[in-house]
Structures are given as C-alpha cells and as structure tokens.
Amino acid sequence: MAAITLVYVFGPTFFLDDDAANSSKSSRKKGVVGLVNPANDCFINSVLQALAGSPELRVYLIREMHRRKLDGPELYRDITAALEEQQRKKTKQAPEWKLLGLQQGLITAGLKDVLDALNERPIYKKTISAQSFIRIIETSFRTRINRTQQDAQEFLQIVAERLAEEHYAARSVRRKAKRTTGALKVVEYAGMKATAADVTQPASHSTDRHDSKLALPPEAADKPAPESHVSPEEPNNEPDSLPFPLEGKLESQVECSHCHFKPKPSVSLFVTLTLHVPHRSTSATLNACFDGLLKIEQIDDFLCDRCRLEHALQVNAKQLAKASVPEDQRSTLEQEKLKLEQAIADDPEKPPKDVKLPDSATAPKRRISRHTRISDFPRVLAIHLSRSVWDPHSSSSKNNAKVSFPETLPLGGLIDRKTYRLLSVVTHKGGHNSGHYETFRRQFLSAPFSTPASMGTGGIYSMRPTPVSSPRVSAAPSPRLGARFSKDMTTESQPSTPDTVPPLSPSTLDSPSSSSVSSRSLPTTALDRRKPPPTSVPLDAIPAPGLPTPPTERYVPEPPKRQTSMARAVSLSARKRKGHDRWWRISDEKVKECKTSDVLGQQREVYLLFYEMIDDALG
C-alpha cells in the first residue's frame with residue numbers, strides 16, 4: 001500500500017510514460033501524434049515534428065504567449081514603437097498590417113498550438129492536420145505556399161526568421177511601454193517637486209504662519225527627478241524574458257599578414273547554420289563540415305586600412321622631402337602628416353576626413369587571413385547540410401555523400417566549450433528535384449516538476465531534526481551512537497570517525513522524522529557503531545566498584561526488509577526504462593519506434609540536424 005501511495009502521489013503518469021517508452025506492438029500505435037499529408041506537405045510535416053521534439057523551444061513559446069496574455073492585447077495593437085524604430089534606423093517603412101502581425105505574434109501563437117497538439121500522449125493512434133498553421137503562415141505573409149518547390153530548409157528558415165522578428169517586435173513594444181511609464185513618473189515627480197518648491201517659501205511670504213510646517217527639507221527639494229534608463233539599443237535584460245533559442249551569432253575576424261592589423265570583427269545573426277557537404281569525397285563527418293565554415297581562410301588582393309594610411313604617409317613624406325615645396329604647402333603637408341599618424345595610432349578604420357588619400361588603385365594589396373567563430377551559441381542549434389552540387393552544364397544535382405554525425409556534439413574552444421545533444425533529425429530520400437522527408441524525433445520525457453520551497457524549515461519528510469528538544473530523562477552522558485548526518489547540518493558538526501563518534505541529541509532521538517531515515521543515507525561507520533536506544537540509565541553511568549569494565553557491545557544491522565511486489569515491479573521497470581535511447585521515426589501519419597543506432601545510421605539521407613544545449617549542471 002505504501003508503494004502504491006507513493007506512485008499515486010509522486011508519479012501519477014509513471015505507468016503511462018513507461019508504456020510509451022517500452023517497445024511493444026500496442027505502444028508503437030500510441031507513440032506520438034502524426035500529421036496528415038493532403039498535398040505534398042511532407043517538407044512541412046517533417047519540420048514541425050522536429051521542432052516539436054525541442055523542449056527548449058516549447059518553453060520559450062509557452063512563456064512568450066503567457067507574457068502577451070498578461071500584458072493584454074491592447075498593448076500590442078499600438079505600432080508607434082515600430083514606426084519610431086523605422087525612423088531611427090532609416091529603413092524602408094513596412095505596411096501597417098505586417099507591423100501589427102509581428103507585434104501580435106501570429107506565427108508564435110500558431111506554432112505553439114500545433115506543437116502542443118503534437119506533444120500530446122495519445123492512448124490510441126492519433127493523427128492531426130497542420131492546415132490551420134499553414135493558413136496562419138499564408139495570412140501573415142499574404143501569399144500562398146508553393147507546393148512544387150518542396151524544401152524543408154527554406155520552410156524552416158522562413159518560420160525561424162519570422163519567430164525572431166516577432167520576438168524583437170514584442171520586446172520593442174514592451175520597452176516603449178516602459179519608457180512611457182517612466183516619462184509619466186518623471187512628470188508626476190516634477191509636479192510634486194514644483195508643489196514642494198511653492199511650499200518651501202519663507203514664512204514671511206506666506207499668508208498663513210502654519211503653512212511653514214509643510215516645508216520639505218532642502219535635500220528632498222533639490223533631489224533630481226528619476227530618469228528612464230531603458231533605451232532601444234539596450235540588450236535584452238528583462239528578468240522575465242527569455243532569449244530566442246534558435247538565434248546565434250557568427251563573428252568573422254580579419255588579420256593582415258603584413259602589418260597584422262585586425263579591424264573590428266563583423267557580426268551576423270543566424271537561426272539556421274548552413275554547412276556544405278564536401279562533394280569530392282564519398283564520406284565525411286560533421287566536424288569536417290564545420291571546418292569548412294570555421295577554418296582559417298587565406299584571401300589575396302585585399303585592401304588593408306592600416307596599410308593604405310601608411311602608404312599615404314609615405315607619399316606625404318616624399319612630398320615633404322622635395323626642396324621646391326612652398327612654405328604654405330609644406331605647412332599643410334605637415335598637418336596632414338600629424339593627422340595620418342594620429343589616425344594610425346587611434347583607429348585606422350576611420351581616416352581623417354580633411355586629408356585626401358591617394359587613389360586606392362595605387363595602394364598596396366595585401367594577403368589576409370579570415371577566421372569565423374560562433375560568438376553566441378544558441379540554445380537550439382539547427383544545422384542544414386547543403387547537398388546541392390552545381391555542374392558545368394548549369395544543372396544542379398544532389399550530393400549523396402555519407403555524413404556521420406554524433407549524438408553529443410561539443411562546440412567552441414577550451415574556455416567557452418558548449419555541449420549539445422541530438423534531439424531531432426530530418427532526412428531526405430530521393431533526388432534533387434523530388435523525394436520524401438522523414439523525421440527522427442527523440443522521445444523526451446520531462447522530469448516531474450519539483451517544489452524547491454519546503455514546508456516550514458524542512459518539511460514533514462525532512463531529515464532535519466525538530467528544533468524543539470525533549471526534556472532530559474537523566475543527567476548521565478548520552479551513549480555513543482552514530483550520528484545521522486544531513487545536508488542541512490551546520491559546518492560546526494564534526495564528521496564521524498572510527499575513534500570518535502558524535503553523540504545524538506535528544507531531539508534527534510525523539511524526532512519522528514529522524515527515525516524514518518533510510519539506512520542508505522547513513523555512513524558505514526555510523527551503521528557499525530549504532531546501538532539500540534537505552535531503556536533506562538546507560539550502563540556506563542552505573543557505578544560498579546570492583547567489577548571489570550563491561551565489553552563494548554557490537555550492533556549487528558538488521559537485514560533489509562523484503563520489498564513488496566508492487567515496489568519491486570516499479571524498481572525493475574524504472575531500471576529497464578531507457579527513455580533517451582527511444583526514438584520515433586515519423587513519416588507523416590506513420591509512426592514507428594527505433595533506437596539511437598538507427599538514427600545515427602542515416603548518414604546518406606541526413607539533411608537537417610537539431611541539437612539542444614546541455615547545461616553544465618546537468619552534465
């Protein structure tokens with residue numbers, strides 16, 4: 001009964017999850033929810049199934065839509081913030097319907113609904129349709145999705161970029177509301193300050209002598225009004241806002257091989273990372289594809305900014321060396337020389353505006369090395385393996401080279417190392433112009449939600465002893481019993497050693513929570529030296545003149561009790577369950593179960609890879 005109660009209270013869906021995790025003929029039909037394919041929609045279905053297997057993306061969608069509901073729909077119908085940002089960046093003005101759709105988060109809401117439906121745990125075979133989400137996309141862009149050009153990567157790119165735009169549009173609206181609220185507070189504070197200034201006039205100017213009692217202290221009257229520190233260029237530092245999980249940053253650094261000057265690196269954002277598959281070999285690895293993007297590349301005939309300024313300085317020095325230069329021209333050349341030297345020392349990328357540089361065609365061309373790295377790692381890494389090959393006949397074909405990819409992917413250097421775990425894979429079978437997409441999706445069973453806030457100081461099942469101590473029965477010293485340590489004990493408590501064992505306090509002996517502690521949480525030395533609680537005064541305290549010292553009593557621990565059949569079944573089932581090795585192979589409405597080895601074997605058909613970052617705390 002105790003085991004049944006524990007399962008019912010702490011894991012009511014344990015057997016439902018276990019039935020979905022284990023392989024059987026009935027569980028294969030229950031699996032996950034499939035998607036119908038009415039009009040060659042396998043490229044849409046495969047991407048949606050892959051995104052549905054990312055818990056990090058689902059958490060973002062849930063929190064983003066919850067935040068919008070808390071703010072209210074009226075806040076996101078005001079497009080003033082979008083118009084102000086367009087004027088500030090001097091970009092082309094977008095139509096009003098597009099700005100309104102971005103702020104309202106149409107694609108975000110539609111994607112959340114379809115991913116929630118795909119993550120249901122059906123008790124029977126279930127298939128849904130993605131037509132509602134497709135209609136939302138067509139309404140948001142006011143266009144129709146072309147079924148003839150079936151490319152899962154293009155569909156993923158469109159959806160991911162739109163999600164990022166809606167994310168920043170909502171953040172801009174919230175910042176605008178913060179600035180407006182801050183401005184209202186400044187106006188209110190200024191009005192209060194003006195009233196205080198009127199009240200703090202000398203009493204001789206007042207018609208009533210009692211008005212001087214309302215005078216504020218001078219430091220309060222002279223205190224400046226609070227200012228709003230929120231600016232459009234400020235990074236996302238909202239405490240209740242999550243970054244967009246699919247977005248990362250690439251940083252490209254250039255170095256001149258002659259003067260070793262490094263200009264400011266160029267930063268570009270990405271939502272999907274495109275890697276080219278080597279077409280000159282029949283097999284490659286994912287690391288080799290990354291090397292094609294992140295390797296050091298040598299580029300010739302590059303115009304270096306520092307070398308160009310140094311070339312201008314040399315031309316200036318040659319003109320100053322001429323004796324026939326007039327004095328006024330020599331003075332101008334000397335001023336230009338100082339400006340060029342100052343620009344070289346400060347920032348060669350900003351040449352002096354009032355100095356005419358020599359023609360760029362006469363400047364020396366240098367060889368540079370360019371290195372690209374991931375400066376900001378996304379939480380969800382979407383990798384596109386480009387298999388398109390262009391031949392001399394101006395026709396494209398598919399590269400069928402094998403690409404081996406790992407289940408655990410480390411990225412970055414030794415200091416900023418990030419580790420990713422494979423969650424979903426989209427494969428393509430067929431040629432360049434036709435074929436079929438399938439999804440391999442890892443079965444992800446979320447851990448039960450924990451309650452970090454305990455009841456009172458330790459909770460009713462805590463190992464911490466009760467703070468109320470029971471009255472002492474005897475003044476004799478307590479027997480040497482093994483202390484029952486817990487994580488909540490202070491550092492003043494000394495650990496148990498073979499020679500000295502700290503005695504238990506009476507509160508620990510009488511506490512019901514301490515008596516129910518499992519023997520697995522006790523140290524080995526404490527088990528060996530644990531004695532049964534004395535029924536009366538300990539033997540050590542009874543005076544016995546002339547008698548030898550009584551031998552030390554050894555305590556033999558009791559054998560563990562037999563588990564009930566229910567608890568034994570739960571233990572064996574939890575031991576057999578390996579949720580992370582369970583995968584679903586999804587082809588539209590057809591769902592089959594497979595293993596990790598089957599997924600890693602799709603080297604010739606792999607097209608899209610979805611990795612999720614593993615936190616350091618989780619290993």
# chains A, B, ... in the order shown; residues from 1 in each chain; ligands from 1
>>> closest_atom_pairs(of="region 322-406 of chain A", to="region 412-431 of chain A", cutoff="12 Å", atoms="only C-alpha atoms", output="Markdown table")
| residue | atom | partner | partner_atom | distance |
| --- | --- | --- | --- | --- |
| A:Thr372 | CA | A:Gly412 | CA | 11.5 |
| A:Arg373 | CA | A:Gly412 | CA | 8.1 |
| A:Ile374 | CA | A:Gly412 | CA | 7.4 |
| A:Ser375 | CA | A:Gly412 | CA | 8.8 |
| A:Asp376 | CA | A:Asp416 | CA | 9.9 |
| A:Phe377 | CA | A:Lys418 | CA | 7.8 |
| A:Pro378 | CA | A:Lys418 | CA | 9.9 |
| A:Arg379 | CA | A:Tyr420 | CA | 8.7 |
| A:Val380 | CA | A:Tyr420 | CA | 8.5 |
| A:Leu381 | CA | A:Tyr420 | CA | 8.1 |
| A:Ala382 | CA | A:Ser424 | CA | 9.5 |
| A:Ile383 | CA | A:Val425 | CA | 9.7 |
| A:His384 | CA | A:Val426 | CA | 9.6 |
| A:Leu385 | CA | A:Thr427 | CA | 10.4 |
| A:Ser386 | CA | A:His428 | CA | 11.8 |
| A:Arg387 | CA | A:Gly431 | CA | 10.4 |
| A:Ser388 | CA | A:Gly431 | CA | 10.2 |
| A:Val389 | CA | A:Gly431 | CA | 11.7 |
| A:Ser396 | CA | A:Gly431 | CA | 10.2 |
| A:Ser397 | CA | A:Gly431 | CA | 7.3 |
| A:Lys398 | CA | A:Gly431 | CA | 6.1 |
| A:Asn399 | CA | A:Gly431 | CA | 9.1 |
| A:Asn400 | CA | A:Gly431 | CA | 9.1 |
| A:Val403 | CA | A:Thr427 | CA | 11.7 |
| A:Phe405 | CA | A:Leu422 | CA | 9.3 |
| A:Pro406 | CA | A:Leu422 | CA | 7.7 |
>>> select_by_dssp(residues="region 55-164 of chain A", states="helix (DSSP H, G or I)", output="PyMOL selection string")
chain A and resi 55-71+75-77+80-89+96-104+106-118+131-141+152-164
>>> residues_around(residues="Leu57 (chain A)", least_positions_apart="5", cutoff="12 Å", atoms="only C-alpha atoms", output="ChimeraX atom specification")
/A:48,50-52,62-64,108,111-112,115-116,160,163,242-247,378-382,423,610-613
>>> residues_around(residues="Leu286 (chain A)", least_positions_apart="6", cutoff="12 Å", atoms="only C-alpha atoms", output="MDAnalysis selection string")
chainID A and resid 274:278 292:293 383:386 401:411 600 603 606:609
>>> residues_around(residues="Leu338 (chain A)", least_positions_apart="6", cutoff="12 Å", atoms="only C-alpha atoms", output="list in words")
Leu309, Ala312, Leu313, Asn316, Ala317, Ser331, Thr332, Ile344, Ala345, Pro352 and Val355 of chain A
>>> atom_distance(atom1="CA of Ser257 (chain A)", atom2="CA of Lys365 (chain A)")
10.8 Å
>>> closest_residue(among="A:Arg77, A:Arg121, A:Arg147, A:Arg442", to="Lys595 (chain A)", atoms="only C-alpha atoms")
A:Arg442
>>> closest_residue(among="A:Glu161, A:Leu102, A:Arg441, A:Lys350", to="Asn119 (chain A)", atoms="only C-alpha atoms")
A:Arg441
>>> decode(residues="region 408-421 of chain A", atoms="N, CA and C atoms", output="JSON list (two decimals), in the first residue's frame")
[["chain", "number", "residue", "atom", "x", "y", "z"],
["A", 408, "THR", "N", 26.32, 13.40, -29.21],
["A", 408, "THR", "CA", 26.75, 14.51, -28.36],
["A", 408, "THR", "C", 27.77, 15.33, -29.13],
["A", 409, "LEU", "N", 27.50, 16.63, -29.29],
["A", 409, "LEU", "CA", 28.33, 17.49, -30.13],
["A", 409, "LEU", "C", 28.96, 18.57, -29.27],
["A", 410, "PRO", "N", 30.29, 18.57, -29.10],
["A", 410, "PRO", "CA", 30.97, 19.68, -28.41],
["A", 410, "PRO", "C", 31.37, 20.77, -29.42],
["A", 411, "LEU", "N", 31.14, 22.01, -29.05],
["A", 411, "LEU", "CA", 31.49, 23.15, -29.89],
["A", 411, "LEU", "C", 32.21, 24.18, -29.05],
["A", 412, "GLY", "N", 33.03, 25.00, -29.72],
["A", 412, "GLY", "CA", 33.74, 26.07, -29.03],
["A", 412, "GLY", "C", 35.14, 25.67, -28.66],
["A", 413, "GLY", "N", 35.83, 26.62, -28.00],
["A", 413, "GLY", "CA", 37.19, 26.37, -27.57],
["A", 413, "GLY", "C", 37.24, 25.72, -26.20],
["A", 414, "LEU", "N", 38.44, 25.75, -25.62],
["A", 414, "LEU", "CA", 38.63, 25.14, -24.31],
["A", 414, "LEU", "C", 37.96, 25.95, -23.20],
["A", 415, "ILE", "N", 37.85, 27.27, -23.41],
["A", 415, "ILE", "CA", 37.28, 28.12, -22.36],
["A", 415, "ILE", "C", 35.77, 28.22, -22.49],
["A", 416, "ASP", "N", 35.29, 28.43, -23.72],
["A", 416, "ASP", "CA", 33.85, 28.61, -23.94],
["A", 416, "ASP", "C", 33.25, 27.36, -24.58],
["A", 417, "ARG", "N", 33.57, 26.20, -24.04],
["A", 417, "ARG", "CA", 33.08, 24.94, -24.60],
["A", 417, "ARG", "C", 31.59, 24.77, -24.28],
["A", 418, "LYS", "N", 30.80, 24.44, -25.30],
["A", 418, "LYS", "CA", 29.39, 24.15, -25.18],
["A", 418, "LYS", "C", 29.13, 22.73, -25.69],
["A", 419, "THR", "N", 28.25, 22.04, -25.03],
["A", 419, "THR", "CA", 27.92, 20.66, -25.39],
["A", 419, "THR", "C", 26.46, 20.58, -25.77],
["A", 420, "TYR", "N", 26.21, 19.92, -26.90],
["A", 420, "TYR", "CA", 24.86, 19.77, -27.43],
["A", 420, "TYR", "C", 24.50, 18.29, -27.51],
["A", 421, "ARG", "N", 23.19, 18.03, -27.38],
["A", 421, "ARG", "CA", 22.67, 16.68, -27.50],
["A", 421, "ARG", "C", 21.67, 16.62, -28.65]]
